[in-house]
Amino acid sequence: MTTMPDSDTAWAAVMRRDRAFDGRFVTGVLTTGIYCRPSCAARHPSRDNVRFFASGPEAQAAGLRACKRCLPDDVSRDQAAILAAIDEIRQAEDVPSLSALAEIAGYSPTHFQRVFKRATGLSPAAYARALREERARDALSAGDSVTDAIYEAGYSSASRFYDNTKGRLGMTPSDWRDGGKGRTIHWTVVDTSLGAMLVAATEKGVCCLSFNEGEEELRERFPNAELVRGADVFRQLFEMVTAAVEQPIHATTADIPLDVKGTAFQQRVWAALREIPAGETRSYGELAAMVGNPKASRAVGGANGANNIAVLIPCHRVIAHNGGLGGYAYGTDIKAELLRREAK
């Protein structure tokens with residue numbers, strides 16, 4: 001839980017039915033005598049008839065009763081169920097089935113899957129895979145042998161590891177341990193209205209997008225990869241990326257493949273960033289709540305900073321809690337212009 005937001009922030013969250021604020025406060029409707037989650041789907045009440053409370057018991061003390069539609073008192077139950085499931089995933093030798101996790105939570109499998117994904121941004125199975133991949137990366141980065149790293153991460157066999165991580169690690173285990181040795185990255189610098197834009201991609205997708213950088217900075221990110229400037233085969237991909245930057249209201253980024261690598265937490269943050277609609281922003285605290293850890297604002301900031309793919313993973317949509325722009329790796333002028341274009 002985090003500090004209850006001010007009334008203006010709370011009302012804005014209610015108006016957009018923001019699930020990230022569920023559990024942080026409840027909305028009391030004085031004319032009906034009920035209190036709801038911020039995300040309640042019921043018709044919005046008049047602002048004059050609303051009072052915000054830090055918790056259900058506080059609203060009950062004021063004479064209100066829980067909404068039967070959104071069940072605001074179940075938020076804490078959901079949080080406890082998710083924490084119990086995560087603990088089971090971490091402790092289990094094999095990935096627990098959805099039915100087993102739902103039974104621990106006391107929910108139906110379908111409902112538990114929905115609750116878990118809403119809180120973490122991943123399904124239970126995807127969360128378990130990401131956790132194992134993170135452990136494997138850590139072991140490989142520490143210099144362990146590939147075989148030792150596979151079993152240390154919790155995989156029952158090498159074949160299971162390769163099957164489960166195909167298309168997600170981006171590199172083979174040995175490549176990861178060796179800092180990308182043997183990989184080929186094609187790159188170019190495009191002149192845009194925001195300045196020089198570096199775009200780089202592997203055969204799996206875009207692995208870097210940055211502004212006012214060149215080969216030197218790219219090599220710092222991928223010190224052991226083979227860098228090849230330009231390639232006709234990547235021309236269409238680079239044009240799609242440029243269009244997404246220059247005309248965000250007409251372009252879609254969902255069709256642009258990415259080759260991105262990070263810890264399980266970073267992946268959750270990056271997935272949450274891509275869920276923020278163009279034209280909207282979130283504070284670091286709100287983004288932390290979106291990934292199921294409202295106290296992790298500082299860690300969320302770190303995950304933002306570790307993002308190598310600007311715009312396509314839109315870390316520019318995260319602003320300071322007071323509504324200010326906050327920081328941005330490529331300067332606040334570029335951040336402000338990206339937000340202005342998306343607001344159209």
# chains A, B, ... in the order shown; residues from 1 in each chain; ligands from 1

call {"tool": "residues_around", "arguments": {"residues": "Asp6 in chain A", "least_positions_apart": "2", "cutoff": "12 Å", "atoms": "only C-alpha atoms", "output": "VMD selection string"}}
result
chain A and resid 3 to 4 8 to 13 24 to 25 51 to 54 321 to 322

call {"tool": "select_by_dssp", "arguments": {"residues": "range 258-333 of chain A", "states": "strand (DSSP E or B)", "output": "PDB file with C-alpha atoms, in the first residue's frame"}}
result
ATOM      1  CA  LEU A 258      11.312  -6.270 -30.394  1.00  0.00           C
ATOM      2  CA  ARG A 282       1.381   7.705 -15.376  1.00  0.00           C
ATOM      3  CA  SER A 283       3.481   8.668 -12.388  1.00  0.00           C
ATOM      4  CA  ILE A 309      14.190   0.935 -26.811  1.00  0.00           C
ATOM      5  CA  VAL A 318       6.028   8.288 -17.068  1.00  0.00           C
ATOM      6  CA  ILE A 319       6.068  11.663 -15.325  1.00  0.00           C
TER       7      ILE A 319
END

call {"tool": "select_by_dssp", "arguments": {"residues": "range 165-329 of chain A", "states": "alpha helix (DSSP H)", "output": "PDB file with N, CA, C and O atoms, in the first residue's frame"}}
result
ATOM      1  N   THR A 165      12.688 -21.090 -23.542  1.00  0.00           N
ATOM      2  CA  THR A 165      13.256 -19.754 -23.733  1.00  0.00           C
ATOM      3  C   THR A 165      13.405 -19.379 -25.191  1.00  0.00           C
ATOM      4  O   THR A 165      13.822 -18.261 -25.496  1.00  0.00           O
ATOM      5  N   PRO A 173      22.155 -19.379 -24.567  1.00  0.00           N
ATOM      6  CA  PRO A 173      22.778 -19.253 -23.252  1.00  0.00           C
ATOM      7  C   PRO A 173      24.259 -18.900 -23.323  1.00  0.00           C
ATOM      8  O   PRO A 173      24.730 -18.046 -22.570  1.00  0.00           O
ATOM      9  N   SER A 174      25.007 -19.543 -24.232  1.00  0.00           N
ATOM     10  CA  SER A 174      26.431 -19.236 -24.329  1.00  0.00           C
ATOM     11  C   SER A 174      26.663 -17.808 -24.800  1.00  0.00           C
ATOM     12  O   SER A 174      27.567 -17.117 -24.323  1.00  0.00           O
ATOM     13  N   ASP A 175      25.828 -17.357 -25.754  1.00  0.00           N
ATOM     14  CA  ASP A 175      25.934 -15.972 -26.222  1.00  0.00           C
ATOM     15  C   ASP A 175      25.700 -14.992 -25.093  1.00  0.00           C
ATOM     16  O   ASP A 175      26.375 -13.963 -24.974  1.00  0.00           O
ATOM     17  N   TRP A 176      24.686 -15.297 -24.253  1.00  0.00           N
ATOM     18  CA  TRP A 176      24.385 -14.397 -23.146  1.00  0.00           C
ATOM     19  C   TRP A 176      25.569 -14.294 -22.191  1.00  0.00           C
ATOM     20  O   TRP A 176      25.971 -13.225 -21.771  1.00  0.00           O
ATOM     21  N   ARG A 177      26.145 -15.455 -21.862  1.00  0.00           N
ATOM     22  CA  ARG A 177      27.278 -15.463 -20.943  1.00  0.00           C
ATOM     23  C   ARG A 177      28.442 -14.676 -21.520  1.00  0.00           C
ATOM     24  O   ARG A 177      29.191 -14.020 -20.790  1.00  0.00           O
ATOM     25  N   GLU A 215      27.444   4.827 -33.250  1.00  0.00           N
ATOM     26  CA  GLU A 215      28.063   3.503 -33.132  1.00  0.00           C
ATOM     27  C   GLU A 215      28.772   3.315 -31.784  1.00  0.00           C
ATOM     28  O   GLU A 215      28.730   2.227 -31.199  1.00  0.00           O
ATOM     29  N   GLU A 216      29.413   4.367 -31.277  1.00  0.00           N
ATOM     30  CA  GLU A 216      30.141   4.237 -30.014  1.00  0.00           C
ATOM     31  C   GLU A 216      29.217   3.839 -28.869  1.00  0.00           C
ATOM     32  O   GLU A 216      29.515   2.929 -28.082  1.00  0.00           O
ATOM     33  N   GLU A 217      28.067   4.522 -28.773  1.00  0.00           N
ATOM     34  CA  GLU A 217      27.110   4.204 -27.707  1.00  0.00           C
ATOM     35  C   GLU A 217      26.488   2.819 -27.918  1.00  0.00           C
ATOM     36  O   GLU A 217      26.244   2.078 -26.951  1.00  0.00           O
ATOM     37  N   LEU A 218      26.237   2.467 -29.178  1.00  0.00           N
ATOM     38  CA  LEU A 218      25.672   1.147 -29.467  1.00  0.00           C
ATOM     39  C   LEU A 218      26.656   0.056 -29.059  1.00  0.00           C
ATOM     40  O   LEU A 218      26.255  -0.969 -28.492  1.00  0.00           O
ATOM     41  N   ARG A 219      27.924   0.273 -29.299  1.00  0.00           N
ATOM     42  CA  ARG A 219      28.931  -0.725 -28.940  1.00  0.00           C
ATOM     43  C   ARG A 219      29.052  -0.855 -27.420  1.00  0.00           C
ATOM     44  O   ARG A 219      29.361  -1.936 -26.904  1.00  0.00           O
ATOM     45  N   GLU A 220      28.815   0.220 -26.701  1.00  0.00           N
ATOM     46  CA  GLU A 220      28.831   0.125 -25.236  1.00  0.00           C
ATOM     47  C   GLU A 220      27.702  -0.779 -24.743  1.00  0.00           C
ATOM     48  O   GLU A 220      27.856  -1.496 -23.753  1.00  0.00           O
ATOM     49  N   ARG A 221      26.566  -0.733 -25.430  1.00  0.00           N
ATOM     50  CA  ARG A 221      25.434  -1.573 -25.048  1.00  0.00           C
ATOM     51  C   ARG A 221      25.652  -3.037 -25.440  1.00  0.00           C
ATOM     52  O   ARG A 221      25.235  -3.942 -24.728  1.00  0.00           O
ATOM     53  N   ARG A 235      15.331  -2.388 -44.087  1.00  0.00           N
ATOM     54  CA  ARG A 235      14.857  -1.056 -44.465  1.00  0.00           C
ATOM     55  C   ARG A 235      13.398  -0.847 -44.068  1.00  0.00           C
ATOM     56  O   ARG A 235      13.032   0.182 -43.509  1.00  0.00           O
ATOM     57  N   GLN A 236      12.549  -1.829 -44.349  1.00  0.00           N
ATOM     58  CA  GLN A 236      11.132  -1.686 -44.019  1.00  0.00           C
ATOM     59  C   GLN A 236      10.920  -1.555 -42.521  1.00  0.00           C
ATOM     60  O   GLN A 236      10.110  -0.741 -42.067  1.00  0.00           O
ATOM     61  N   LEU A 237      11.665  -2.343 -41.747  1.00  0.00           N
ATOM     62  CA  LEU A 237      11.548  -2.263 -40.293  1.00  0.00           C
ATOM     63  C   LEU A 237      11.951  -0.882 -39.798  1.00  0.00           C
ATOM     64  O   LEU A 237      11.258  -0.267 -38.980  1.00  0.00           O
ATOM     65  N   PHE A 238      13.073  -0.366 -40.311  1.00  0.00           N
ATOM     66  CA  PHE A 238      13.529   0.952 -39.876  1.00  0.00           C
ATOM     67  C   PHE A 238      12.536   2.041 -40.284  1.00  0.00           C
ATOM     68  O   PHE A 238      12.337   3.020 -39.557  1.00  0.00           O
ATOM     69  N   GLU A 239      11.884   1.884 -41.422  1.00  0.00           N
ATOM     70  CA  GLU A 239      10.873   2.855 -41.852  1.00  0.00           C
ATOM     71  C   GLU A 239       9.653   2.811 -40.933  1.00  0.00           C
ATOM     72  O   GLU A 239       9.060   3.853 -40.631  1.00  0.00           O
ATOM     73  N   MET A 240       9.265   1.621 -40.487  1.00  0.00           N
ATOM     74  CA  MET A 240       8.145   1.490 -39.551  1.00  0.00           C
ATOM     75  C   MET A 240       8.469   2.199 -38.239  1.00  0.00           C
ATOM     76  O   MET A 240       7.620   2.882 -37.653  1.00  0.00           O
ATOM     77  N   VAL A 241       9.704   2.044 -37.766  1.00  0.00           N
ATOM     78  CA  VAL A 241      10.118   2.688 -36.518  1.00  0.00           C
ATOM     79  C   VAL A 241      10.088   4.204 -36.672  1.00  0.00           C
ATOM     80  O   VAL A 241       9.594   4.932 -35.804  1.00  0.00           O
ATOM     81  N   THR A 242      10.593   4.696 -37.796  1.00  0.00           N
ATOM     82  CA  THR A 242      10.610   6.147 -38.037  1.00  0.00           C
ATOM     83  C   THR A 242       9.195   6.707 -38.068  1.00  0.00           C
ATOM     84  O   THR A 242       8.917   7.774 -37.498  1.00  0.00           O
ATOM     85  N   ALA A 243       8.271   5.984 -38.703  1.00  0.00           N
ATOM     86  CA  ALA A 243       6.882   6.441 -38.769  1.00  0.00           C
ATOM     87  C   ALA A 243       6.260   6.498 -37.377  1.00  0.00           C
ATOM     88  O   ALA A 243       5.482   7.409 -37.075  1.00  0.00           O
ATOM     89  N   ALA A 244       6.600   5.531 -36.528  1.00  0.00           N
ATOM     90  CA  ALA A 244       6.051   5.510 -35.171  1.00  0.00           C
ATOM     91  C   ALA A 244       6.513   6.712 -34.356  1.00  0.00           C
ATOM     92  O   ALA A 244       5.800   7.176 -33.462  1.00  0.00           O
ATOM     93  N   VAL A 245       7.693   7.228 -34.681  1.00  0.00           N
ATOM     94  CA  VAL A 245       8.224   8.395 -33.972  1.00  0.00           C
ATOM     95  C   VAL A 245       7.664   9.690 -34.559  1.00  0.00           C
ATOM     96  O   VAL A 245       7.262  10.597 -33.830  1.00  0.00           O
ATOM     97  N   GLU A 246       7.632   9.772 -35.883  1.00  0.00           N
ATOM     98  CA  GLU A 246       7.226  11.009 -36.537  1.00  0.00           C
ATOM     99  C   GLU A 246       5.716  11.233 -36.510  1.00  0.00           C
ATOM    100  O   GLU A 246       5.241  12.362 -36.375  1.00  0.00           O
ATOM    101  N   ALA A 264      12.973 -10.315 -14.744  1.00  0.00           N
ATOM    102  CA  ALA A 264      11.524 -10.502 -14.689  1.00  0.00           C
ATOM    103  C   ALA A 264      10.833  -9.201 -14.305  1.00  0.00           C
ATOM    104  O   ALA A 264       9.796  -8.844 -14.880  1.00  0.00           O
ATOM    105  N   PHE A 265      11.404  -8.454 -13.338  1.00  0.00           N
ATOM    106  CA  PHE A 265      10.794  -7.201 -12.922  1.00  0.00           C
ATOM    107  C   PHE A 265      10.841  -6.177 -14.044  1.00  0.00           C
ATOM    108  O   PHE A 265       9.853  -5.480 -14.308  1.00  0.00           O
ATOM    109  N   GLN A 266      11.986  -6.073 -14.717  1.00  0.00           N
ATOM    110  CA  GLN A 266      12.087  -5.124 -15.826  1.00  0.00           C
ATOM    111  C   GLN A 266      11.086  -5.457 -16.917  1.00  0.00           C
ATOM    112  O   GLN A 266      10.446  -4.558 -17.473  1.00  0.00           O
ATOM    113  N   GLN A 267      10.917  -6.743 -17.219  1.00  0.00           N
ATOM    114  CA  GLN A 267       9.954  -7.134 -18.244  1.00  0.00           C
ATOM    115  C   GLN A 267       8.538  -6.736 -17.847  1.00  0.00           C
ATOM    116  O   GLN A 267       7.747  -6.303 -18.684  1.00  0.00           O
ATOM    117  N   ARG A 268       8.213  -6.864 -16.563  1.00  0.00           N
ATOM    118  CA  ARG A 268       6.888  -6.467 -16.093  1.00  0.00           C
ATOM    119  C   ARG A 268       6.691  -4.964 -16.268  1.00  0.00           C
ATOM    120  O   ARG A 268       5.625  -4.500 -16.690  1.00  0.00           O
ATOM    121  N   VAL A 269       7.728  -4.190 -15.921  1.00  0.00           N
ATOM    122  CA  VAL A 269       7.634  -2.733 -16.062  1.00  0.00           C
ATOM    123  C   VAL A 269       7.492  -2.351 -17.535  1.00  0.00           C
ATOM    124  O   VAL A 269       6.639  -1.527 -17.896  1.00  0.00           O
ATOM    125  N   TRP A 270       8.298  -2.959 -18.393  1.00  0.00           N
ATOM    126  CA  TRP A 270       8.245  -2.616 -19.822  1.00  0.00           C
ATOM    127  C   TRP A 270       6.905  -3.012 -20.418  1.00  0.00           C
ATOM    128  O   TRP A 270       6.374  -2.298 -21.277  1.00  0.00           O
ATOM    129  N   ALA A 271       6.362  -4.153 -19.981  1.00  0.00           N
ATOM    130  CA  ALA A 271       5.038  -4.559 -20.471  1.00  0.00           C
ATOM    131  C   ALA A 271       3.972  -3.564 -20.023  1.00  0.00           C
ATOM    132  O   ALA A 271       3.066  -3.206 -20.778  1.00  0.00           O
ATOM    133  N   ALA A 272       4.087  -3.081 -18.772  1.00  0.00           N
ATOM    134  CA  ALA A 272       3.130  -2.105 -18.259  1.00  0.00           C
ATOM    135  C   ALA A 272       3.236  -0.783 -19.011  1.00  0.00           C
ATOM    136  O   ALA A 272       2.224  -0.130 -19.293  1.00  0.00           O
ATOM    137  N   LEU A 273       4.450  -0.389 -19.371  1.00  0.00           N
ATOM    138  CA  LEU A 273       4.634   0.840 -20.144  1.00  0.00           C
ATOM    139  C   LEU A 273       3.890   0.755 -21.477  1.00  0.00           C
ATOM    140  O   LEU A 273       3.259   1.721 -21.912  1.00  0.00           O
ATOM    141  N   ARG A 274       3.937  -0.394 -22.101  1.00  0.00           N
ATOM    142  CA  ARG A 274       3.287  -0.558 -23.411  1.00  0.00           C
ATOM    143  C   ARG A 274       1.769  -0.611 -23.283  1.00  0.00           C
ATOM    144  O   ARG A 274       1.066  -0.499 -24.292  1.00  0.00           O
ATOM    145  N   GLU A 275       1.269  -0.778 -22.051  1.00  0.00           N
ATOM    146  CA  GLU A 275      -0.176  -0.770 -21.832  1.00  0.00           C
ATOM    147  C   GLU A 275      -0.727   0.638 -21.602  1.00  0.00           C
ATOM    148  O   GLU A 275      -1.937   0.837 -21.607  1.00  0.00           O
ATOM    149  N   TYR A 284       5.454   7.547 -11.510  1.00  0.00           N
ATOM    150  CA  TYR A 284       6.239   6.365 -11.147  1.00  0.00           C
ATOM    151  C   TYR A 284       5.481   5.513 -10.135  1.00  0.00           C
ATOM    152  O   TYR A 284       5.511   4.281 -10.198  1.00  0.00           O
ATOM    153  N   GLY A 285       4.782   6.170  -9.202  1.00  0.00           N
ATOM    154  CA  GLY A 285       4.002   5.427  -8.219  1.00  0.00           C
ATOM    155  C   GLY A 285       2.866   4.659  -8.863  1.00  0.00           C
ATOM    156  O   GLY A 285       2.578   3.510  -8.493  1.00  0.00           O
ATOM    157  N   GLU A 286       2.201   5.283  -9.834  1.00  0.00           N
ATOM    158  CA  GLU A 286       1.108   4.610 -10.536  1.00  0.00           C
ATOM    159  C   GLU A 286       1.630   3.423 -11.340  1.00  0.00           C
ATOM    160  O   GLU A 286       0.993   2.361 -11.385  1.00  0.00           O
ATOM    161  N   LEU A 287       2.794   3.588 -11.967  1.00  0.00           N
ATOM    162  CA  LEU A 287       3.363   2.486 -12.725  1.00  0.00           C
ATOM    163  C   LEU A 287       3.770   1.341 -11.798  1.00  0.00           C
ATOM    164  O   LEU A 287       3.581   0.169 -12.130  1.00  0.00           O
ATOM    165  N   ALA A 288       4.300   1.696 -10.622  1.00  0.00           N
ATOM    166  CA  ALA A 288       4.651   0.662  -9.644  1.00  0.00           C
ATOM    167  C   ALA A 288       3.414  -0.123  -9.228  1.00  0.00           C
ATOM    168  O   ALA A 288       3.455  -1.351  -9.075  1.00  0.00           O
ATOM    169  N   ALA A 289       2.298   0.581  -9.046  1.00  0.00           N
ATOM    170  CA  ALA A 289       1.053  -0.102  -8.698  1.00  0.00           C
ATOM    171  C   ALA A 289       0.590  -1.005  -9.832  1.00  0.00           C
ATOM    172  O   ALA A 289       0.041  -2.087  -9.600  1.00  0.00           O
ATOM    173  N   MET A 290       0.819  -0.591 -11.077  1.00  0.00           N
ATOM    174  CA  MET A 290       0.421  -1.395 -12.222  1.00  0.00           C
ATOM    175  C   MET A 290       1.143  -2.736 -12.257  1.00  0.00           C
ATOM    176  O   MET A 290       0.588  -3.728 -12.741  1.00  0.00           O
ATOM    177  N   SER A 297       8.532   2.420  -6.471  1.00  0.00           N
ATOM    178  CA  SER A 297       8.729   3.549  -7.391  1.00  0.00           C
ATOM    179  C   SER A 297      10.182   3.697  -7.812  1.00  0.00           C
ATOM    180  O   SER A 297      10.480   3.950  -8.982  1.00  0.00           O
ATOM    181  N   ARG A 298      11.098   3.537  -6.856  1.00  0.00           N
ATOM    182  CA  ARG A 298      12.520   3.686  -7.178  1.00  0.00           C
ATOM    183  C   ARG A 298      12.976   2.583  -8.140  1.00  0.00           C
ATOM    184  O   ARG A 298      13.709   2.833  -9.097  1.00  0.00           O
ATOM    185  N   ALA A 299      12.523   1.350  -7.889  1.00  0.00           N
ATOM    186  CA  ALA A 299      12.885   0.239  -8.770  1.00  0.00           C
ATOM    187  C   ALA A 299      12.285   0.418 -10.154  1.00  0.00           C
ATOM    188  O   ALA A 299      12.915   0.088 -11.171  1.00  0.00           O
ATOM    189  N   VAL A 300      11.074   0.967 -10.214  1.00  0.00           N
ATOM    190  CA  VAL A 300      10.442   1.249 -11.504  1.00  0.00           C
ATOM    191  C   VAL A 300      11.279   2.269 -12.268  1.00  0.00           C
ATOM    192  O   VAL A 300      11.485   2.146 -13.482  1.00  0.00           O
ATOM    193  N   GLY A 301      11.779   3.277 -11.557  1.00  0.00           N
ATOM    194  CA  GLY A 301      12.646   4.262 -12.198  1.00  0.00           C
ATOM    195  C   GLY A 301      13.899   3.620 -12.767  1.00  0.00           C
ATOM    196  O   GLY A 301      14.349   3.965 -13.856  1.00  0.00           O
ATOM    197  N   GLY A 302      14.450   2.644 -12.029  1.00  0.00           N
ATOM    198  CA  GLY A 302      15.621   1.931 -12.518  1.00  0.00           C
ATOM    199  C   GLY A 302      15.327   1.120 -13.764  1.00  0.00           C
ATOM    200  O   GLY A 302      16.129   1.065 -14.701  1.00  0.00           O
ATOM    201  N   ALA A 303      14.150   0.482 -13.789  1.00  0.00           N
ATOM    202  CA  ALA A 303      13.749  -0.291 -14.969  1.00  0.00           C
ATOM    203  C   ALA A 303      13.547   0.626 -16.169  1.00  0.00           C
ATOM    204  O   ALA A 303      13.892   0.271 -17.301  1.00  0.00           O
ATOM    205  N   ASN A 304      12.994   1.825 -15.932  1.00  0.00           N
ATOM    206  CA  ASN A 304      12.847   2.804 -17.013  1.00  0.00           C
ATOM    207  C   ASN A 304      14.212   3.168 -17.588  1.00  0.00           C
ATOM    208  O   ASN A 304      14.403   3.253 -18.793  1.00  0.00           O
ATOM    209  N   GLY A 305      15.163   3.389 -16.686  1.00  0.00           N
ATOM    210  CA  GLY A 305      16.495   3.771 -17.124  1.00  0.00           C
ATOM    211  C   GLY A 305      17.216   2.670 -17.877  1.00  0.00           C
ATOM    212  O   GLY A 305      18.105   2.939 -18.688  1.00  0.00           O
TER     213      GLY A 305
END

call {"tool": "closest_residue", "arguments": {"among": "A:Leu131, A:Pro57, A:Gln247, A:Asp48", "to": "Ile89 in chain A", "atoms": "only C-alpha atoms"}}
result
A:Leu131

call {"tool": "residues_around", "arguments": {"residues": "range 116-128 of chain A", "least_positions_apart": "2", "cutoff": "9 Å", "atoms": "only C-alpha atoms", "output": "PyMOL selection string"}}
result
chain A and resi 19-20+78-79+81-82+85-86+89-90+95-98+101+111-114+130-133+264+268-269+271-272+289-293

call {"tool": "residues_around", "arguments": {"residues": "Glu203 in chain A", "least_positions_apart": "4", "cutoff": "9 Å", "atoms": "only C-alpha atoms", "output": "PyMOL selection string"}}
result
chain A and resi 184-186+234+259

call {"tool": "write_last_selection", "arguments": {"atoms": "N, CA and C atoms", "output": "compact mmCIF listing (two decimals), in the first residue's frame"}}
result
# COMPACT_ATOMS: atom_id res chain seq x y z
N THR A 184 24.75 -10.70 -34.60
CA THR A 184 24.88 -9.63 -35.58
C THR A 184 23.77 -8.62 -35.37
N ILE A 185 24.13 -7.35 -35.24
CA ILE A 185 23.16 -6.28 -35.05
C ILE A 185 23.31 -5.29 -36.21
N HIS A 186 22.23 -5.08 -36.95
CA HIS A 186 22.21 -4.11 -38.04
C HIS A 186 21.68 -2.78 -37.50
N PHE A 234 16.54 -4.78 -43.66
CA PHE A 234 15.96 -4.13 -42.49
C PHE A 234 15.31 -2.78 -42.82
N ASP A 259 13.45 -7.20 -29.79
CA ASP A 259 14.37 -8.17 -29.19
C ASP A 259 14.90 -7.51 -27.93
